[in-house]
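This report refers to the structure that appears directly beneath it.
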Amino acid sequence: MTAERHLDRLRPAAARLARFTGRTLRGEWHAIVVDPVRQLARRGLSGLLLAFVAAFGVIFFHDIAQHPTGAVWVTRLGGVKADLPLWLSLLRTPVSLYVPALDLPVWAGITQLFLAFALAELTLGRSRTLAIAYATTLAGTLVARLMIAIGPGWSGLGLPAACGQVLDTGPSAAVVGLFTYLSVVRRAPVVFTLTGGSMVWESIAVPNLAGREHLIAVGSAVVLGLLHGRRSQLRALGRSLLPTRTPGPSPTAPTAPTAPTAPKASPVLPMTASASATVPAPASPHPTAGRTPMTSLER
C-alpha cells in the first residue's frame, strides 16, 4: 500500500517533468534547426558566406603549412605565442583563427567549424558572428597570457612559463564560443551541454593551455549571451554610475548699452464731424466801436 502511495505521488511530478522536457526539446529544435533552415531557404547560399570562408581558410593554411617555406610564412602571419609581445599577438590573432592547431586533426574539425559559423550567421548575422568569434578567441589568448604571467600555483590558476612557447592557433575557441553563445541566446540546453560541458570536462581531464582557453571562451560567451538585448539597460546603468554635476550659478554677462529710443508720438485721436467743422471767425468790430462819445466842449 505504501509503494502504491509513493507511485501516486511520483506520477504527477514525472508527468510535469516529461512535459517540461518535451517543450524544451521542441523549442530547441525550432530555435537551432528549423529557424536557420528557413533563413537558408530565404537567403540561399549567400547566408553561408562566413562558413565557407572559415572552412576554406583553414584548408588553405593547412596546405601551405605542409611546405617548409609555407610553414614559416604561416607562423609569421598567424602564429600566436604567449611569449611574444602583446602588440604582435593582437596583430596575428585574426589570422590565427584560420591556422589549424598542431595537436588537432584538421579534417575532423572542419565539420564543427562549418556548422558553428553557418548556424551563427543564419541566426545572428555576419557582423555579430565575427564579433563573437573574435571576442571569445581574444579573451582566451589574453587570459592565457595572464595565467602564464602569474606562474604555477594560485590554486591551479597559473600556468608554467613553458606554456608561453606553445603555438596557440586554431578556430576551436571561436567554435566553442559561437556554440555557447547560440545556446544561451536561443535557450538550447542540449547544445550547451554538448559544447560547453564537453569543454569543461576537457579542461579538467587534460589541464593544458588549449583546455584553459576553451574554458575561458565558454565563460566569455556565456557573459555575452546574458548581456544580449540589454543595451538600453546597460546604458541606464552606466549613466547612473557616472557622477552627476549640479549646475552652479552662471556668471552674468555684461549687458551691451542700448541705443536711446526716440520718444513715442502721442496717438492722434480721430476727429468727429462736429469737431472738424470750421468755427467762424469773430466779426471785426465797427470802427467806431470802443470809442467814447465826444462832448460839446471837444467839438
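By convention here, the chains of the C-alpha cells are called A, B, ... in the order presented, each chain's residues are numbered starting at 1, and ligands are numbered starting at 1 in the order presented.
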At most 12 Å is the cut-off: for each residue in stretch 149-210 of chain A with any atom that close to an atom of stretch 27-41 of chain A, write down the nearest atom pair and the distance in Å rounded to one decimal, counting only C-alpha atoms, chain first then increasing number, as JSON lines.
```
{"residue": "A:Phe179", "atom": "CA", "partner": "A:Ile32", "partner_atom": "CA", "distance": 10.2}
{"residue": "A:Tyr181", "atom": "CA", "partner": "A:Ile32", "partner_atom": "CA", "distance": 12.0}
{"residue": "A:Leu182", "atom": "CA", "partner": "A:Ile32", "partner_atom": "CA", "distance": 8.2}
{"residue": "A:Ser183", "atom": "CA", "partner": "A:Ile32", "partner_atom": "CA", "distance": 8.4}
{"residue": "A:Val184", "atom": "CA", "partner": "A:Glu28", "partner_atom": "CA", "distance": 11.0}
{"residue": "A:Val185", "atom": "CA", "partner": "A:Ala31", "partner_atom": "CA", "distance": 9.7}
{"residue": "A:Arg186", "atom": "CA", "partner": "A:Ala31", "partner_atom": "CA", "distance": 6.1}
{"residue": "A:Arg187", "atom": "CA", "partner": "A:Glu28", "partner_atom": "CA", "distance": 6.9}
{"residue": "A:Ala188", "atom": "CA", "partner": "A:Glu28", "partner_atom": "CA", "distance": 5.1}
{"residue": "A:Pro189", "atom": "CA", "partner": "A:Glu28", "partner_atom": "CA", "distance": 7.9}
{"residue": "A:Val190", "atom": "CA", "partner": "A:Glu28", "partner_atom": "CA", "distance": 8.0}
{"residue": "A:Val191", "atom": "CA", "partner": "A:Glu28", "partner_atom": "CA", "distance": 8.6}
{"residue": "A:Phe192", "atom": "CA", "partner": "A:Glu28", "partner_atom": "CA", "distance": 10.9}
```
Next on the checklist: Residues of stretch 66-252 of chain A classed as helix (DSSP H, G or I) by DSSP on the backbone are to be reported as number ranges by chain.
Outcome noted: A: 68-78, 86-96, 106-124, 126-150, 161-165, 172-185, 189-205, 209-226, 231-241
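Atom CA of A:Gln112 is positioned 13.8 Å from atom CA of A:Leu97.
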